[in-house]
Protein chains: 2
Amino acid sequence: MSLENVLARIDADLDAATDRLIDLLKIPSISTDPAFAADCDRAADWLVADLQSLGVTAQKRPTPGHPMVVGHIEGDGPHLLFYGHYDVQPVDPLDLWDRDPFDPQIEDTAAGKVIRGRGSSDDKGQLMTFVEACRAWKAEYGALPCKITFFFEGEEESGSPSLVPFMQENAAELTTDIALICDTGLFESAVPAITTQLRGLLGEDFTITGPSRDLHSGMYGGIAMNPIRVLTNILAGLQDDTGAVTLPGFYDDVPELSDEIRSQWQGLNFDHKTYLGDVGLKAPAGEQDRTPLEQIWSRPTCDVNGIWGGYTGDGFKTVLPSQASAKLSFRLVGQQDPNKIREAFRTYLEGNLPNGFTVEYRTEKGSPASQMSVEDPAFDKARKALSDEWPRPAAYVGCGGSIPIAGFFKDILGVDAMLIGFGKDDDQIHSPNEKYDLESFHKGTRSWARILAELTK
Amino acid sequence: MSLENVLARIDADLDAATDRLIDLLKIPSISTDPAFAADCDRAADWLVADLQSLGVTAQKRPTPGHPMVVGHIEGDGPHLLFYGHYDVQPVDPLDLWDRDPFDPQIEDTAAGKVIRGRGSSDDKGQLMTFVEACRAWKAEYGALPCKITFFFEGEEESGSPSLVPFMQENAAELTTDIALICDTGLFESAVPAITTQLRGLLGEDFTITGPSRDLHSGMYGGIAMNPIRVLTNILAGLQDDTGAVTLPGFYDDVPELSDEIRSQWQGLNFDHKTYLGDVGLKAPAGEQDRTPLEQIWSRPTCDVNGIWGGYTGDGFKTVLPSQASAKLSFRLVGQQDPNKIREAFRTYLEGNLPNGFTVEYRTEKGSPASQMSVEDPAFDKARKALSDEWPRPAAYVGCGGSIPIAGFFKDILGVDAMLIGFGKDDDQIHSPNEKYDLESFHKGTRSWARILAELTK
């Protein structure tokens with residue numbers, strides 16, 4: 001009954017584990033903003049030191065961007081790799097936070113205790129569930145159950161620019177039997193889930209320039225084409241009234257769901273009214289001939305993530321601006337090729353620029369969608385372990401978000417990834433007031449102990 | 001030959017007059033931004049003191065916003081009122097200025113000397129041409145040529161919220177024989193011009209709210225309607241492919257040009273290729289069945305002056321934002337009613353909001369277009385005076401911009417306004433690096449001396 005001892009140790013150590021997480025959350029490791037580069041470095045140092053305290057040979061490994069943290073510990077049985085990311089999203093709009101996003105605290109809420117702060121759920125809290133499971137295991141047995149490689153990234157929230165080169169250069173060191181990734185959630189905050197398909201992501205960040213300088217809309221309004229009008233026309237034309245993307249060929253490589261997966265997903269009884277109602281929305285947008293779950297997990301999308309141009313301060317300025325800008329992203333599925341979609345978008349955009357207008361792109365990397373081979377027995381073992389810990393049995397699910405690392409493990413290392421996480425839908429990741437339930441942290445840690453036990457049986 | 005003496009005195013005093021203007025330009029009286037309220041007040045004080053030095057009984061007069069400056073001086077002959085505004089536009093984007101916008105200086109350029117700084121042309125430099133003409137007249141004759149009322153506003157660049165109430169409350173004091181307004185330009189930087197028709201302006205500043213918080217575009221992209229998409233659809237639908245505004249009834253009160261005015265304007269040989277080419281544009285936008293000059297002076301328009309929503313910082317954030325905002329303005333002509341247009345716009349906007357979305361308006365005042373009665377002999381006298389000063393004869397022209405004050409003089413005081421100014425097309429008003437040609441300042445001052453002489457003959 002030694003697993004029981006490990007679980008008991010996790011229970012007894014919960015307060016100390018929470019304190020360690022809070023310590024890590026205090027570091028504002030925002031990867032997308034260069035002003036926080038030193039903080040990203042500090043978060044990496046913190047993790048190196050913590051892994052070393054477990055007897056792991058851990059190092060901060062430089063990249064052209066923020067460092068990776070890689071650690072190894074020897075052992076018998078399968079060789080596992082665990083991936084998480086220590087960087088976090090920006091915190092704006094700051095005035096919508098109820099507390100300093102980097103002064104985290106345990107809060108009592110109607111739904112139980114939560115750890116409130118940027119990164120608590122995405123992804124520092126999730127990352128630490130695995131580390132804490134290893135700590136308890138080691139304390140109980142004096143060693144970890146198998147050979148484990150720890151691999152923490154600091155650029156996940158900014159498009160992972162260094163990840164592919166690093167994995168390619170260190171492929172031999174990183175190749176394992178299976179990869180474990182903790183950056184996903186429970187299904188509808190209740191059903192433990194292993195994510196087996198993820199949407200890809202293509203970002204475009206660009207500025208359209210028309211007049212060589214800002215103009216007075218009285219002196220030029222009417223005969224000077226306004227870049228904001230050009231931009232809004234281009235963005236409005238990207239989708240039809242049903243929400244379908246109009247780029248030629250966009251749906252060519254989008255597969256239909258198999259009947260098996262479709263019926264499995266229908267069995268989850270996804271409550272889209274509550275899902276949308278919780279965020280103040282009354283009706284689902286998008287393709288009306290698809291179920292909401294299908295839309296989120298297996299249909300491609302286009303969203304404008306940011307738009308700006310002209311005068312945006314207090315009061316009014318009758319300017320006809322020289323430039324207008326947008327950041328947009330496509331979620332990709334199936335075999336959609338990010339490069340092909342980017343080309344189709346740019347052809348469309350440039351075809352709609354008036355004579356003399358120019359566009360400048362601030363290129364973002366794209367990543368295709370991922371699909372795991374659930375035939376590997378490790379998936380069934382993990383599903384059993386999760387079902388033992390949680391009140392409801394675990395399910396294979398899809399994910400609307402993009403975790404490019406899963407595809408890279410497959411493409412570069414030939415390794416399948418198991419995406420297991422304990423986030424809840426109301427964690428407000430990427431939003432003000434992000435939180436992680438103490439239950440997610442606690443039962444997440446226990447889940448990993450159970451999964452380690454199953455995988456090394 | 002005493003007018004000649006006044007003109008000679010203006011020539012001799014040019015350096016000192018320029019120094020006085022530079023002194024006034026150093027005060028950052030940006031009316032639209034509350035942070036500069038004290039500076040607006042300081043500019044008003046400066047003008048009160050300067051008028052008092054001419055023997056004018058001048059006072060700073062409080063309003064709910066920035067103060068008015070009103071001054072009176074007695075005399076025989078007609079009673080004239082001169083209007084100008086001492087407030088200036090915001091200066092952003094500051095990094096596009098070659099110098100501190102509020103540290104003005106005389107610069108030598110290939111086209112001659114210019115006074116560089118915010119407000120040099122719009123409108124402090126223009127305002128001071130009249131004051132300097134009065135100063136020279138007084139120095140020569142010991143008195144001004146007639147009864148004059150000086151009326152300076154500090155809210156012209158922010159929609160003149162206090163102007164109408166102030167004029168209504170002080171109608172008896174402000175009613176004169178004719179009003180002179182110096183806030184316009186030479187035609188194509190060469191032909192002295194009296195502006196006899198002006199477009200009106202209606203601004204709308206609004207925010208659309210969809211989801212109650214920012215969402216992760218992976219978790220909600222597809223089924224959650226994105227407020228930026230709603231906004232871009234609404235803005236794109238406001239105009240058709242020809243640039244015509246699609247609001248029902250928008251063109252109901254737009255008159256066709258009279259043949260006489262059309263042929264007069266055609267005689268101006270407006271060079272729209274150069275006008276657009278100078279600001280980097282290759283082709284005129286807008287209604288293709290209208291001449292460019294007709295479009296600017298006598299056709300209504302719609303322009304988005306600012307747009308913002310979602311993440312606009314460095315890097316990328318895959319957010320599906322809660323809100324999206326825009327500032328837009330309609331230029332109005334003929335009998336178009338700002339209130340009717342606003343209602344049509346809001347009906348259109350609200351009719352295109354998805355179920356559950358809301359809109360919040362930050363209301364802007366609207367003003368209708370203005371048309372002067374050029375039958376008043378003062379118009380011909382002023383045209384003669386201008387033709388005497390400049391190399392080419394003066395013309396009656398239209399103006400695409402909005403100077404609501406002209407309409408208010410007519411509606412509230414029953415007084416026609418003569419709009420005479422010396423700005424040039426390349427003055428970059430409302431843009432970085434605003435300037436006023438020293439020639440405009442000098443010959444503008446001389447022009448007013450000649451006009452005063454003609455009007456009081």
# chains A, B, ... in the order shown; residues from 1 in each chain; ligands from 1
>>> interface_residues(of="chain A", to="chain B", cutoff="6 Å", atoms="only C-alpha atoms", output="ChimeraX atom specification")
/A:32,211-212,214,218-219,222-225,232-233,236,279-282,284-286,295-296,301,305-312,315,318-320,356,400-401,431
>>> residues_around(residues="B:Gly154", least_positions_apart="6", cutoff="7 Å", atoms="only C-alpha atoms", output="PyMOL selection string")
chain B and resi 31+40+66-68+85-87
>>> write_last_selection(atoms="N, CA, C and O atoms", output="mmCIF file, in the first residue's frame")
data_model
loop_
_atom_site.group_PDB
_atom_site.id
_atom_site.type_symbol
_atom_site.label_atom_id
_atom_site.label_comp_id
_atom_site.auth_asym_id
_atom_site.auth_seq_id
_atom_site.Cartn_x
_atom_site.Cartn_y
_atom_site.Cartn_z
ATOM 1 N N SER B 31 -7.067 71.468 -25.372
ATOM 2 C CA SER B 31 -8.361 71.542 -24.680
ATOM 3 C C SER B 31 -9.008 70.194 -24.473
ATOM 4 O O SER B 31 -9.797 70.002 -23.557
ATOM 5 N N CYS B 40 -4.653 75.846 -20.544
ATOM 6 C CA CYS B 40 -5.668 76.595 -21.296
ATOM 7 C C CYS B 40 -5.952 77.913 -20.582
ATOM 8 O O CYS B 40 -6.044 78.971 -21.211
ATOM 9 N N HIS B 66 -13.271 75.437 -20.504
ATOM 10 C CA HIS B 66 -12.193 76.424 -20.527
ATOM 11 C C HIS B 66 -12.767 77.825 -20.754
ATOM 12 O O HIS B 66 -13.794 77.972 -21.403
ATOM 13 N N PRO B 67 -12.089 78.854 -20.225
ATOM 14 C CA PRO B 67 -12.662 80.203 -20.292
ATOM 15 C C PRO B 67 -12.681 80.791 -21.714
ATOM 16 O O PRO B 67 -11.888 80.414 -22.560
ATOM 17 N N MET B 68 -13.618 81.714 -21.920
ATOM 18 C CA MET B 68 -13.604 82.558 -23.101
ATOM 19 C C MET B 68 -12.765 83.785 -22.764
ATOM 20 O O MET B 68 -12.615 84.148 -21.591
ATOM 21 N N HIS B 85 -9.431 80.932 -31.872
ATOM 22 C CA HIS B 85 -9.387 80.035 -30.698
ATOM 23 C C HIS B 85 -7.950 79.821 -30.249
ATOM 24 O O HIS B 85 -7.049 79.696 -31.078
ATOM 25 N N TYR B 86 -7.798 79.815 -28.927
ATOM 26 C CA TYR B 86 -6.443 79.695 -28.372
ATOM 27 C C TYR B 86 -6.099 78.273 -27.962
ATOM 28 O O TYR B 86 -4.994 77.985 -27.532
ATOM 29 N N ASP B 87 -7.060 77.348 -28.077
ATOM 30 C CA ASP B 87 -6.745 75.951 -27.729
ATOM 31 C C ASP B 87 -6.166 75.254 -28.955
ATOM 32 O O ASP B 87 -6.336 75.707 -30.091
#
>>> select_by_dssp(residues="stretch 107-264 of chain B", states="strand (DSSP E or B)", output="PyMOL selection string")
chain B and resi 107-109+112-116+147-153+178-181+185+187+191+193-198+200-209+215-216+221+224+239+245
>>> residues_around(residues="A:Leu419", least_positions_apart="4", cutoff="9 Å", atoms="only C-alpha atoms", output="PDB file with N, CA, C and O atoms, in the first residue's frame")
ATOM      1  N   ALA A 179       5.695  11.495 -23.329  1.00  0.00           N
ATOM      2  CA  ALA A 179       5.761  12.837 -22.748  1.00  0.00           C
ATOM      3  C   ALA A 179       4.472  13.121 -21.979  1.00  0.00           C
ATOM      4  O   ALA A 179       3.388  12.736 -22.412  1.00  0.00           O
ATOM      5  N   LEU A 180       4.624  13.770 -20.834  1.00  0.00           N
ATOM      6  CA  LEU A 180       3.463  14.191 -20.038  1.00  0.00           C
ATOM      7  C   LEU A 180       3.430  15.721 -20.053  1.00  0.00           C
ATOM      8  O   LEU A 180       4.459  16.359 -19.814  1.00  0.00           O
ATOM      9  N   ILE A 181       2.275  16.272 -20.349  1.00  0.00           N
ATOM     10  CA  ILE A 181       2.148  17.728 -20.429  1.00  0.00           C
ATOM     11  C   ILE A 181       0.999  18.159 -19.521  1.00  0.00           C
ATOM     12  O   ILE A 181      -0.110  17.633 -19.629  1.00  0.00           O
ATOM     13  N   CYS A 182       1.303  19.088 -18.607  1.00  0.00           N
ATOM     14  CA  CYS A 182       0.241  19.546 -17.695  1.00  0.00           C
ATOM     15  C   CYS A 182      -0.081  21.007 -17.986  1.00  0.00           C
ATOM     16  O   CYS A 182       0.483  21.919 -17.387  1.00  0.00           O
ATOM     17  N   ASP A 183      -0.986  21.239 -18.942  1.00  0.00           N
ATOM     18  CA  ASP A 183      -1.353  22.611 -19.317  1.00  0.00           C
ATOM     19  C   ASP A 183      -2.803  22.650 -19.814  1.00  0.00           C
ATOM     20  O   ASP A 183      -3.177  23.544 -20.562  1.00  0.00           O
ATOM     21  N   THR A 184      -3.589  21.660 -19.402  1.00  0.00           N
ATOM     22  CA  THR A 184      -4.990  21.588 -19.845  1.00  0.00           C
ATOM     23  C   THR A 184      -5.903  21.535 -18.614  1.00  0.00           C
ATOM     24  O   THR A 184      -5.443  21.771 -17.488  1.00  0.00           O
ATOM     25  N   ALA A 193      -9.718  14.652 -17.524  1.00  0.00           N
ATOM     26  CA  ALA A 193      -9.674  14.508 -18.974  1.00  0.00           C
ATOM     27  C   ALA A 193      -8.256  14.351 -19.485  1.00  0.00           C
ATOM     28  O   ALA A 193      -7.314  14.932 -18.948  1.00  0.00           O
ATOM     29  N   ILE A 194      -8.119  13.532 -20.515  1.00  0.00           N
ATOM     30  CA  ILE A 194      -6.859  13.451 -21.259  1.00  0.00           C
ATOM     31  C   ILE A 194      -7.149  14.025 -22.638  1.00  0.00           C
ATOM     32  O   ILE A 194      -8.016  13.525 -23.357  1.00  0.00           O
ATOM     33  N   THR A 195      -6.451  15.094 -22.962  1.00  0.00           N
ATOM     34  CA  THR A 195      -6.725  15.772 -24.221  1.00  0.00           C
ATOM     35  C   THR A 195      -5.973  15.061 -25.325  1.00  0.00           C
ATOM     36  O   THR A 195      -4.756  14.914 -25.265  1.00  0.00           O
ATOM     37  N   THR A 196      -6.713  14.637 -26.327  1.00  0.00           N
ATOM     38  CA  THR A 196      -6.072  13.865 -27.399  1.00  0.00           C
ATOM     39  C   THR A 196      -6.070  14.606 -28.730  1.00  0.00           C
ATOM     40  O   THR A 196      -5.499  14.130 -29.678  1.00  0.00           O
ATOM     41  N   ALA A 406       2.893  19.751 -28.060  1.00  0.00           N
ATOM     42  CA  ALA A 406       2.436  18.376 -28.284  1.00  0.00           C
ATOM     43  C   ALA A 406       2.791  17.926 -29.702  1.00  0.00           C
ATOM     44  O   ALA A 406       3.270  16.802 -29.919  1.00  0.00           O
TER      45      ALA A 406
END
>>> closest_residue(among="B:Arg118, B:Phe150, B:Asn170, B:Leu80", to="B:Asp98", atoms="only C-alpha atoms")
B:Arg118
>>> decode(residues="stretch 255-273 of chain B", atoms="N, CA, C and O atoms", output="mmCIF file, in the first residue's frame")
data_model
loop_
_atom_site.group_PDB
_atom_site.id
_atom_site.type_symbol
_atom_site.label_atom_id
_atom_site.label_comp_id
_atom_site.auth_asym_id
_atom_site.auth_seq_id
_atom_site.Cartn_x
_atom_site.Cartn_y
_atom_site.Cartn_z
ATOM 1 N N PRO B 255 -27.890 69.043 -50.751
ATOM 2 C CA PRO B 255 -28.263 69.723 -51.995
ATOM 3 C C PRO B 255 -27.237 69.479 -53.098
ATOM 4 O O PRO B 255 -26.074 69.188 -52.824
ATOM 5 N N GLU B 256 -27.675 69.613 -54.334
ATOM 6 C CA GLU B 256 -26.725 69.625 -55.459
ATOM 7 C C GLU B 256 -26.134 71.034 -55.558
ATOM 8 O O GLU B 256 -26.778 72.023 -55.185
ATOM 9 N N LEU B 257 -24.917 71.114 -56.074
ATOM 10 C CA LEU B 257 -24.277 72.422 -56.261
ATOM 11 C C LEU B 257 -25.032 73.236 -57.309
ATOM 12 O O LEU B 257 -25.535 72.675 -58.281
ATOM 13 N N SER B 258 -25.072 74.561 -57.145
ATOM 14 C CA SER B 258 -25.612 75.411 -58.206
ATOM 15 C C SER B 258 -24.599 75.416 -59.358
ATOM 16 O O SER B 258 -23.400 75.218 -59.146
ATOM 17 N N ASP B 259 -25.105 75.638 -60.574
ATOM 18 C CA ASP B 259 -24.203 75.664 -61.735
ATOM 19 C C ASP B 259 -23.148 76.750 -61.570
ATOM 20 O O ASP B 259 -21.995 76.584 -61.968
ATOM 21 N N GLU B 260 -23.557 77.887 -60.964
ATOM 22 C CA GLU B 260 -22.642 79.008 -60.811
ATOM 23 C C GLU B 260 -21.448 78.622 -59.917
ATOM 24 O O GLU B 260 -20.289 78.831 -60.254
ATOM 25 N N ILE B 261 -21.760 78.048 -58.752
ATOM 26 C CA ILE B 261 -20.690 77.647 -57.830
ATOM 27 C C ILE B 261 -19.843 76.536 -58.459
ATOM 28 O O ILE B 261 -18.615 76.553 -58.392
ATOM 29 N N ARG B 262 -20.505 75.610 -59.119
ATOM 30 C CA ARG B 262 -19.758 74.520 -59.751
ATOM 31 C C ARG B 262 -18.749 75.074 -60.765
ATOM 32 O O ARG B 262 -17.581 74.661 -60.777
ATOM 33 N N SER B 263 -19.192 76.046 -61.557
ATOM 34 C CA SER B 263 -18.275 76.535 -62.588
ATOM 35 C C SER B 263 -17.181 77.392 -61.948
ATOM 36 O O SER B 263 -16.031 77.385 -62.374
ATOM 37 N N GLN B 264 -17.529 78.129 -60.863
ATOM 38 C CA GLN B 264 -16.502 78.916 -60.162
ATOM 39 C C GLN B 264 -15.417 77.968 -59.604
ATOM 40 O O GLN B 264 -14.227 78.228 -59.717
ATOM 41 N N TRP B 265 -15.870 76.865 -58.998
ATOM 42 C CA TRP B 265 -14.910 75.909 -58.422
ATOM 43 C C TRP B 265 -14.074 75.235 -59.501
ATOM 44 O O TRP B 265 -12.888 74.988 -59.323
ATOM 45 N N GLN B 266 -14.730 74.948 -60.639
ATOM 46 C CA GLN B 266 -13.951 74.331 -61.718
ATOM 47 C C GLN B 266 -12.850 75.279 -62.179
ATOM 48 O O GLN B 266 -11.760 74.843 -62.538
ATOM 49 N N GLY B 267 -13.142 76.599 -62.121
ATOM 50 C CA GLY B 267 -12.155 77.595 -62.523
ATOM 51 C C GLY B 267 -10.937 77.636 -61.619
ATOM 52 O O GLY B 267 -9.901 78.195 -61.976
ATOM 53 N N LEU B 268 -11.038 77.050 -60.444
ATOM 54 C CA LEU B 268 -9.895 77.058 -59.518
ATOM 55 C C LEU B 268 -8.829 76.042 -59.924
ATOM 56 O O LEU B 268 -7.718 76.046 -59.394
ATOM 57 N N ASN B 269 -9.188 75.178 -60.883
ATOM 58 C CA ASN B 269 -8.224 74.171 -61.369
ATOM 59 C C ASN B 269 -7.546 73.412 -60.221
ATOM 60 O O ASN B 269 -6.327 73.322 -60.155
ATOM 61 N N PHE B 270 -8.361 72.902 -59.336
ATOM 62 C CA PHE B 270 -7.828 72.161 -58.179
ATOM 63 C C PHE B 270 -7.004 70.969 -58.648
ATOM 64 O O PHE B 270 -7.466 70.147 -59.435
ATOM 65 N N ASP B 271 -5.787 70.892 -58.148
ATOM 66 C CA ASP B 271 -4.878 69.819 -58.565
ATOM 67 C C ASP B 271 -4.929 68.698 -57.519
ATOM 68 O O ASP B 271 -4.097 68.626 -56.628
ATOM 69 N N HIS B 272 -5.919 67.812 -57.677
ATOM 70 C CA HIS B 272 -6.078 66.783 -56.622
ATOM 71 C C HIS B 272 -4.951 65.771 -56.635
ATOM 72 O O HIS B 272 -4.657 65.148 -55.622
ATOM 73 N N LYS B 273 -4.295 65.594 -57.775
ATOM 74 C CA LYS B 273 -3.185 64.624 -57.804
ATOM 75 C C LYS B 273 -2.048 65.077 -56.886
ATOM 76 O O LYS B 273 -1.456 64.282 -56.162
#
